[in-house]
$ cat coords_12.cif   # mmCIF, C-alpha atoms; chains and numbers go by the auth columns
data_run
loop_
_atom_site.group_PDB
_atom_site.id
_atom_site.type_symbol
_atom_site.label_atom_id
_atom_site.label_comp_id
_atom_site.label_asym_id
_atom_site.label_seq_id
_atom_site.Cartn_x
_atom_site.Cartn_y
_atom_site.Cartn_z
_atom_site.B_iso_or_equiv
_atom_site.auth_seq_id
_atom_site.auth_asym_id
ATOM 1 C CA MET A 1 0.000 0.000 0.000 0.00 225 A
ATOM 2 C CA THR A 2 1.253 3.421 -0.853 0.00 226 A
ATOM 3 C CA MET A 3 1.390 6.310 1.539 0.00 227 A
ATOM 4 C CA LYS A 4 -1.269 8.152 -0.432 0.00 228 A
ATOM 5 C CA SER A 5 -3.757 5.271 -0.093 0.00 229 A
ATOM 6 C CA ARG A 6 -2.990 4.940 3.625 0.00 230 A
ATOM 7 C CA VAL A 7 -3.682 8.648 4.199 0.00 231 A
ATOM 8 C CA LEU A 8 -6.871 8.417 2.130 0.00 232 A
ATOM 9 C CA GLY A 9 -7.982 5.351 4.105 0.00 233 A
ATOM 10 C CA LEU A 10 -7.264 7.136 7.385 0.00 234 A
ATOM 11 C CA VAL A 11 -9.270 10.210 6.270 0.00 235 A
ATOM 12 C CA VAL A 12 -12.236 8.038 5.248 0.00 236 A
ATOM 13 C CA PHE A 13 -12.047 6.098 8.529 0.00 237 A
ATOM 14 C CA MET A 14 -11.928 9.305 10.576 0.00 238 A
ATOM 15 C CA GLY A 15 -14.895 10.698 8.631 0.00 239 A
ATOM 16 C CA LEU A 16 -16.953 7.580 9.261 0.00 240 A
ATOM 17 C CA ALA A 17 -15.983 7.412 12.926 0.00 241 A
ATOM 18 C CA ALA A 18 -16.956 11.047 13.485 0.00 242 A
ATOM 19 C CA THR A 19 -20.351 10.816 11.761 0.00 243 A
ATOM 20 C CA PRO A 20 -22.299 9.146 14.627 0.00 244 A
ATOM 21 C CA GLY A 21 -21.189 11.902 16.982 0.00 245 A
ATOM 22 C CA LEU A 22 -22.660 14.548 14.698 0.00 246 A
ATOM 23 C CA ALA A 23 -25.987 12.802 14.055 0.00 247 A
ATOM 24 C CA GLN A 24 -28.617 13.651 16.640 0.00 248 A
ATOM 25 C CA VAL A 25 -32.324 13.023 16.604 0.00 249 A
ATOM 26 C CA SER A 26 -34.755 15.015 18.689 0.00 250 A
ATOM 27 C CA VAL A 27 -38.448 14.195 18.890 0.00 251 A
ATOM 28 C CA ASN A 28 -40.873 16.436 20.734 0.00 252 A
ATOM 29 C CA VAL A 29 -44.443 15.295 21.209 0.00 253 A
ATOM 30 C CA HIS A 30 -47.021 17.757 22.450 0.00 254 A
ATOM 31 C CA ILE A 31 -49.796 15.835 24.163 0.00 255 A
ATOM 32 C CA GLY A 32 -51.893 18.900 24.982 0.00 256 A
ATOM 33 C CA GLU A 33 -54.505 19.189 27.708 0.00 257 A
ATOM 34 C CA PRO A 34 -56.972 16.362 28.203 0.00 258 A
ATOM 35 C CA PRO A 35 -60.715 16.920 27.983 0.00 259 A
ATOM 36 C CA PRO A 36 -61.990 18.736 31.083 0.00 260 A
ATOM 37 C CA VAL A 37 -63.261 16.839 34.107 0.00 261 A
ATOM 38 C CA VAL A 38 -66.977 17.564 34.305 0.00 262 A
ATOM 39 C CA VAL A 39 -68.839 16.408 37.411 0.00 263 A
ATOM 40 C CA TYR A 40 -71.955 17.765 39.145 0.00 264 A
ATOM 41 C CA SER A 41 -70.244 17.925 42.527 0.00 265 A
ATOM 42 C CA PRO A 42 -66.680 17.482 43.802 0.00 266 A
ATOM 43 C CA PRO A 43 -65.742 13.785 43.856 0.00 267 A
ATOM 44 C CA THR A 44 -65.168 11.741 46.975 0.00 268 A
ATOM 45 C CA MET A 45 -61.527 10.688 47.281 0.00 269 A
ATOM 46 C CA VAL A 46 -61.174 7.318 49.052 0.00 270 A
ATOM 47 C CA LEU A 47 -57.878 5.993 50.402 0.00 271 A
ATOM 48 C CA MET A 48 -56.707 2.791 48.755 0.00 272 A
ATOM 49 C CA PRO A 49 -54.649 1.160 51.526 0.00 273 A
ATOM 50 C CA GLU A 50 -52.521 -1.111 49.342 0.00 274 A
ATOM 51 C CA PRO A 51 -51.038 1.558 47.071 0.00 275 A
ATOM 52 C CA GLN A 52 -51.450 4.251 49.820 0.00 276 A
ATOM 53 C CA MET A 53 -53.115 6.885 47.655 0.00 277 A
ATOM 54 C CA TYR A 54 -56.550 8.391 47.231 0.00 278 A
ATOM 55 C CA VAL A 55 -58.773 7.726 44.237 0.00 279 A
ATOM 56 C CA ALA A 56 -61.919 9.477 43.005 0.00 280 A
ATOM 57 C CA VAL A 57 -64.945 7.190 43.293 0.00 281 A
ATOM 58 C CA GLY A 58 -68.348 7.459 41.685 0.00 282 A
ATOM 59 C CA VAL A 59 -67.072 9.454 38.701 0.00 283 A
ATOM 60 C CA PRO A 60 -66.152 8.270 35.180 0.00 284 A
ATOM 61 C CA TYR A 61 -62.547 9.502 35.453 0.00 285 A
ATOM 62 C CA ASP A 62 -59.245 8.036 36.616 0.00 286 A
ATOM 63 C CA ILE A 63 -58.268 10.684 39.172 0.00 287 A
ATOM 64 C CA TYR A 64 -55.783 9.975 41.947 0.00 288 A
ATOM 65 C CA PHE A 65 -54.486 12.130 44.799 0.00 289 A
ATOM 66 C CA VAL A 66 -50.866 11.559 45.798 0.00 290 A
ATOM 67 C CA SER A 67 -48.465 13.793 47.730 0.00 291 A
ATOM 68 C CA GLY A 68 -50.623 16.910 47.494 0.00 292 A
ATOM 69 C CA ARG A 69 -51.334 16.656 43.752 0.00 293 A
ATOM 70 C CA TYR A 70 -54.115 15.266 41.643 0.00 294 A
ATOM 71 C CA TYR A 71 -53.195 12.905 38.796 0.00 295 A
ATOM 72 C CA TYR A 72 -55.522 12.213 35.874 0.00 296 A
ATOM 73 C CA LEU A 73 -55.160 9.353 33.406 0.00 297 A
ATOM 74 C CA GLN A 74 -56.722 10.097 30.031 0.00 298 A
ATOM 75 C CA SER A 75 -56.261 7.937 26.902 0.00 299 A
ATOM 76 C CA GLY A 76 -53.071 6.358 28.242 0.00 300 A
ATOM 77 C CA HIS A 77 -51.442 9.691 29.169 0.00 301 A
ATOM 78 C CA TRP A 78 -50.898 11.033 32.687 0.00 302 A
ATOM 79 C CA PHE A 79 -51.507 14.620 33.763 0.00 303 A
ATOM 80 C CA PHE A 80 -51.166 16.373 37.118 0.00 304 A
ATOM 81 C CA GLY A 81 -52.868 19.414 38.557 0.00 305 A
ATOM 82 C CA PRO A 82 -53.625 21.328 41.758 0.00 306 A
ATOM 83 C CA GLY A 83 -57.293 20.274 41.857 0.00 307 A
ATOM 84 C CA TYR A 84 -59.532 17.502 40.594 0.00 308 A
ATOM 85 C CA ASN A 85 -60.702 19.801 37.806 0.00 309 A
ATOM 86 C CA GLY A 86 -57.218 20.882 36.644 0.00 310 A
ATOM 87 C CA PRO A 87 -55.687 22.730 35.023 0.00 311 A
ATOM 88 C CA TRP A 88 -53.778 19.686 33.820 0.00 312 A
ATOM 89 C CA THR A 89 -50.136 19.433 32.837 0.00 313 A
ATOM 90 C CA TYR A 90 -48.732 16.415 31.027 0.00 314 A
ATOM 91 C CA VAL A 91 -46.358 14.255 33.079 0.00 315 A
ATOM 92 C CA ALA A 92 -44.183 11.430 31.734 0.00 316 A
ATOM 93 C CA VAL A 93 -44.647 8.024 33.348 0.00 317 A
ATOM 94 C CA GLU A 94 -41.076 8.131 34.651 0.00 318 A
ATOM 95 C CA ARG A 95 -41.939 11.270 36.649 0.00 319 A
ATOM 96 C CA LEU A 96 -45.070 9.885 38.327 0.00 320 A
ATOM 97 C CA PRO A 97 -45.025 9.238 42.082 0.00 321 A
ATOM 98 C CA PRO A 98 -43.778 5.707 42.868 0.00 322 A
ATOM 99 C CA GLY A 99 -47.248 4.454 43.841 0.00 323 A
ATOM 100 C CA LEU A 100 -48.663 5.287 40.416 0.00 324 A
ATOM 101 C CA ARG A 101 -45.607 3.956 38.566 0.00 325 A
ATOM 102 C CA ARG A 102 -45.458 0.719 40.510 0.00 326 A
ATOM 103 C CA TYR A 103 -48.915 -0.590 39.562 0.00 327 A
ATOM 104 C CA LYS A 104 -50.484 -1.358 36.228 0.00 328 A
ATOM 105 C CA ILE A 105 -53.636 0.561 35.380 0.00 329 A
ATOM 106 C CA LYS A 106 -55.665 -2.636 35.662 0.00 330 A
ATOM 107 C CA GLU A 107 -54.426 -3.093 39.246 0.00 331 A
ATOM 108 C CA LEU A 108 -55.243 0.514 40.148 0.00 332 A
ATOM 109 C CA HIS A 109 -58.757 -0.010 38.778 0.00 333 A
ATOM 110 C CA GLU A 110 -59.132 -3.188 40.859 0.00 334 A
ATOM 111 C CA PHE A 111 -58.032 -1.342 44.018 0.00 335 A
ATOM 112 C CA ARG A 112 -60.452 1.487 43.232 0.00 336 A
ATOM 113 C CA GLU A 113 -63.393 -0.838 42.643 0.00 337 A
ATOM 114 C CA ARG A 114 -62.668 -2.718 45.877 0.00 338 A
ATOM 115 C CA GLU A 115 -62.691 0.475 47.929 0.00 339 A
ATOM 116 C CA TYR A 116 -65.708 1.904 46.097 0.00 340 A
ATOM 117 C CA ARG A 117 -67.714 -1.273 46.812 0.00 341 A
ATOM 118 C CA ALA A 118 -66.833 -0.982 50.514 0.00 342 A
ATOM 119 C CA TYR A 119 -67.669 2.729 50.530 0.00 343 A
ATOM 120 C CA ASN A 120 -71.062 2.119 48.891 0.00 344 A
ATOM 121 C CA ALA A 121 -71.931 -0.912 51.010 0.00 345 A
ATOM 122 C CA LYS A 122 -71.236 0.755 54.359 0.00 346 A
ATOM 123 C CA GLY A 123 -72.692 4.169 53.506 0.00 347 A
ATOM 124 C CA PRO A 124 -72.552 6.434 56.582 0.00 348 A
ATOM 125 C CA GLY A 125 -70.822 3.609 58.478 0.00 349 A
ATOM 126 C CA TYR A 126 -67.787 3.700 56.182 0.00 350 A
ATOM 127 C CA ASN A 127 -64.949 4.414 58.571 0.00 351 A
ATOM 128 C CA ALA A 128 -61.888 4.295 56.321 0.00 352 A
ATOM 129 C CA ARG A 129 -60.095 7.484 55.312 0.00 353 A
ATOM 130 C CA TYR A 130 -61.609 9.700 52.633 0.00 354 A
ATOM 131 C CA PHE A 131 -62.358 13.321 51.811 0.00 355 A
ATOM 132 C CA VAL A 132 -64.451 15.280 49.355 0.00 356 A
ATOM 133 C CA ALA A 133 -62.258 17.106 46.852 0.00 357 A
ATOM 134 C CA GLU A 134 -62.453 20.875 46.863 0.00 358 A
ATOM 135 C CA GLU A 135 -63.483 22.725 43.748 0.00 359 A
ATOM 136 C CA ARG A 136 -60.699 25.162 42.951 0.00 360 A
ATOM 137 C CA GLU A 137 -62.035 28.137 41.053 0.00 361 A
ATOM 138 C CA ASN A 138 -58.637 29.822 41.107 0.00 362 A
ATOM 139 C CA HIS A 139 -56.932 26.614 39.931 0.00 363 A
ATOM 140 C CA GLY A 140 -54.544 26.323 42.853 0.00 364 A
ATOM 141 C CA ARG A 141 -52.955 29.733 42.618 0.00 365 A
ATOM 142 C CA ASP A 142 -53.808 30.762 46.181 0.00 366 A
ATOM 143 C CA ASN A 143 -50.436 29.611 47.587 0.00 367 A
ATOM 144 C CA ASP A 144 -51.850 27.360 50.277 0.00 368 A
ATOM 145 C CA ASP A 145 -51.769 23.595 50.322 0.00 369 A
ATOM 146 C CA ASP A 146 -55.370 22.659 51.041 0.00 370 A
ATOM 147 C CA GLN A 147 -56.652 20.016 48.668 0.00 371 A
ATOM 148 C CA GLY A 148 -60.062 19.174 50.050 0.00 372 A
ATOM 149 C CA ASN A 149 -62.671 20.814 52.155 0.00 373 A
ATOM 150 C CA GLY A 150 -63.222 17.959 54.579 0.00 374 A
ATOM 151 C CA LYS A 151 -66.986 17.797 54.101 0.00 375 A
ATOM 152 C CA GLY A 152 -67.026 14.071 53.395 0.00 376 A
ATOM 153 C CA LYS A 153 -69.666 13.051 55.929 0.00 377 A
ATOM 154 C CA GLY A 154 -67.560 14.507 58.736 0.00 378 A
ATOM 155 C CA LYS A 155 -64.559 12.277 58.085 0.00 379 A
ATOM 156 C CA GLY A 156 -62.134 14.866 56.697 0.00 380 A
ATOM 157 C CA ASN A 157 -60.009 17.242 58.711 0.00 381 A
ATOM 158 C CA GLY A 158 -60.652 20.282 56.549 0.00 382 A
ATOM 159 C CA LYS A 159 -57.334 20.080 54.722 0.00 383 A
ATOM 160 C CA GLY A 160 -58.127 17.239 52.330 0.00 384 A
ATOM 161 C CA ARG A 161 -55.566 14.911 53.831 0.00 385 A
ATOM 162 C CA GLY A 162 -58.182 12.308 54.779 0.00 386 A
ATOM 163 C CA ARG A 163 -57.163 11.855 58.395 0.00 387 A
ATOM 164 C CA GLY A 164 -60.660 11.032 59.532 0.00 388 A
ATOM 165 C CA ARG A 165 -61.956 8.152 61.635 0.00 389 A
ATOM 166 C CA GLY A 166 -60.440 4.755 61.198 0.00 390 A
ATOM 167 C CA GLY A 167 -57.059 5.753 59.813 0.00 391 A
ATOM 168 C CA GLU A 168 -55.488 8.005 62.403 0.00 392 A
#
$ encode --input "coords_12.cif" --output "structure tokens"
Amino acid sequence: MTMKSRVLGLVVFMGLAATPGLAQVSVNVHIGEPPPVVVYSPPTMVLMPEPQMYVAVGVPYDIYFVSGRYYYLQSGHWFFGPGYNGPWTYVAVERLPPGLRRYKIKELHEFREREYRAYNAKGPGYNARYFVAEERENHGRDNDDDQGNGKGKGKGNGKGRGRGRGGE
């Protein structure tokens, strides 16, 4: 091999080796806001003991309350917000609280149905932790951390943390 062909081969090799470092792909997907949550009255949020989070019962929405935030599952996408009625912001699955990440949606639905059956069956005698979500007309911009109004048949503590009878 001549020196010229060696140099040419080295230049080609260097060009090929450098190419992957220059190629970058960026994909941005805008999910947008989900349809609004429309209910006639604020939903009851019942504690699911196994995953240790609250879930809205008696409404046709997948709404969960974890660590002071509401999470809403719509068409396979997760959103979070300051109140059960939003406003909603998209959140990637990797950024969900561990309790929501750990369980499959089917399992969360099973937990919800179990607690809702108990809540319905016992009526006023239901003594597990729950609260009635607070409607937030100002969408959480009042700089306090209340999430519920505690009017869930006297079981809430007025701060939406569900520390009523049976779970203290």
$ residues_around --input "coords_12.cif" --residues "Pro260 in chain A" --least-positions-apart "5" --cutoff "9 Å" --atoms "all atoms listed in the file" --output "list of chain:residue names"
A:Asn309, A:Gly310, A:Pro311, A:Trp312
$ axis_aligned_box --input "coords_12.cif" --around "range 263-266 of chain A" --padding-each-side "6 Å" --output "lines of an AutoDock Vina configuration file"
center_x = -69.3
center_y = 17.2
center_z = 40.6
size_x = 17.3
size_y = 13.5
size_z = 18.4
$ closest_residue --input "coords_12.cif" --among "A:Phe355, A:Tyr264, A:Val290, A:Glu257" --to "Pro322 in chain A" --atoms "only C-alpha atoms"
A:Val290
$ resolve_selection --input "coords_12.cif" --expression "the PyMOL selection byres ((chain A and resi 294-299) around 10)" --output "JSON, numbers by chain"
{"A": [257, 258, 259, 261, 278, 279, 280, 285, 286, 287, 288, 289, 290, 291, 292, 293, 300, 301, 302, 303, 304, 305, 306, 307, 308, 309, 310, 312, 313, 314, 315, 320, 321, 324, 329, 357, 371]}
$ write_last_selection --input "coords_12.cif" --atoms "C-alpha atoms" --output "JSON list (two decimals), keeping the file's coordinate frame"
[["chain", "number", "residue", "atom", "x", "y", "z"],
["A", 257, "GLU", "CA", -54.50, 19.19, 27.71],
["A", 258, "PRO", "CA", -56.97, 16.36, 28.20],
["A", 259, "PRO", "CA", -60.72, 16.92, 27.98],
["A", 261, "VAL", "CA", -63.26, 16.84, 34.11],
["A", 278, "TYR", "CA", -56.55, 8.39, 47.23],
["A", 279, "VAL", "CA", -58.77, 7.73, 44.24],
["A", 280, "ALA", "CA", -61.92, 9.48, 43.00],
["A", 285, "TYR", "CA", -62.55, 9.50, 35.45],
["A", 286, "ASP", "CA", -59.24, 8.04, 36.62],
["A", 287, "ILE", "CA", -58.27, 10.68, 39.17],
["A", 288, "TYR", "CA", -55.78, 9.98, 41.95],
["A", 289, "PHE", "CA", -54.49, 12.13, 44.80],
["A", 290, "VAL", "CA", -50.87, 11.56, 45.80],
["A", 291, "SER", "CA", -48.46, 13.79, 47.73],
["A", 292, "GLY", "CA", -50.62, 16.91, 47.49],
["A", 293, "ARG", "CA", -51.33, 16.66, 43.75],
["A", 300, "GLY", "CA", -53.07, 6.36, 28.24],
["A", 301, "HIS", "CA", -51.44, 9.69, 29.17],
["A", 302, "TRP", "CA", -50.90, 11.03, 32.69],
["A", 303, "PHE", "CA", -51.51, 14.62, 33.76],
["A", 304, "PHE", "CA", -51.17, 16.37, 37.12],
["A", 305, "GLY", "CA", -52.87, 19.41, 38.56],
["A", 306, "PRO", "CA", -53.62, 21.33, 41.76],
["A", 307, "GLY", "CA", -57.29, 20.27, 41.86],
["A", 308, "TYR", "CA", -59.53, 17.50, 40.59],
["A", 309, "ASN", "CA", -60.70, 19.80, 37.81],
["A", 310, "GLY", "CA", -57.22, 20.88, 36.64],
["A", 312, "TRP", "CA", -53.78, 19.69, 33.82],
["A", 313, "THR", "CA", -50.14, 19.43, 32.84],
["A", 314, "TYR", "CA", -48.73, 16.42, 31.03],
["A", 315, "VAL", "CA", -46.36, 14.26, 33.08],
["A", 320, "LEU", "CA", -45.07, 9.88, 38.33],
["A", 321, "PRO", "CA", -45.02, 9.24, 42.08],
["A", 324, "LEU", "CA", -48.66, 5.29, 40.42],
["A", 329, "ILE", "CA", -53.64, 0.56, 35.38],
["A", 357, "ALA", "CA", -62.26, 17.11, 46.85],
["A", 371, "GLN", "CA", -56.65, 20.02, 48.67]]
$ closest_residue --input "coords_12.cif" --among "A:Pro275, A:Ala352, A:Ser265, A:Glu339" --to "Gly323 in chain A" --atoms "only C-alpha atoms"
A:Pro275
$ atom_distance --input "coords_12.cif" --atom1 "CA of Gly349 in chain A" --atom2 "CA of Tyr327 in chain A"
29.2 Å
$ resolve_selection --input "coords_12.cif" --expression "the PyMOL selection byres ((chain A and resi 268) around 9)" --output "PyMOL selection string"
chain A and resi 266-267+269-270+279-283+354-357+376
$ atom_distance --input "coords_12.cif" --atom1 "CA of Gln276 in chain A" --atom2 "CA of Val262 in chain A"
25.7 Å
$ atom_distance --input "coords_12.cif" --atom1 "CA of Lys330 in chain A" --atom2 "CA of Leu271 in chain A"
17.2 Å
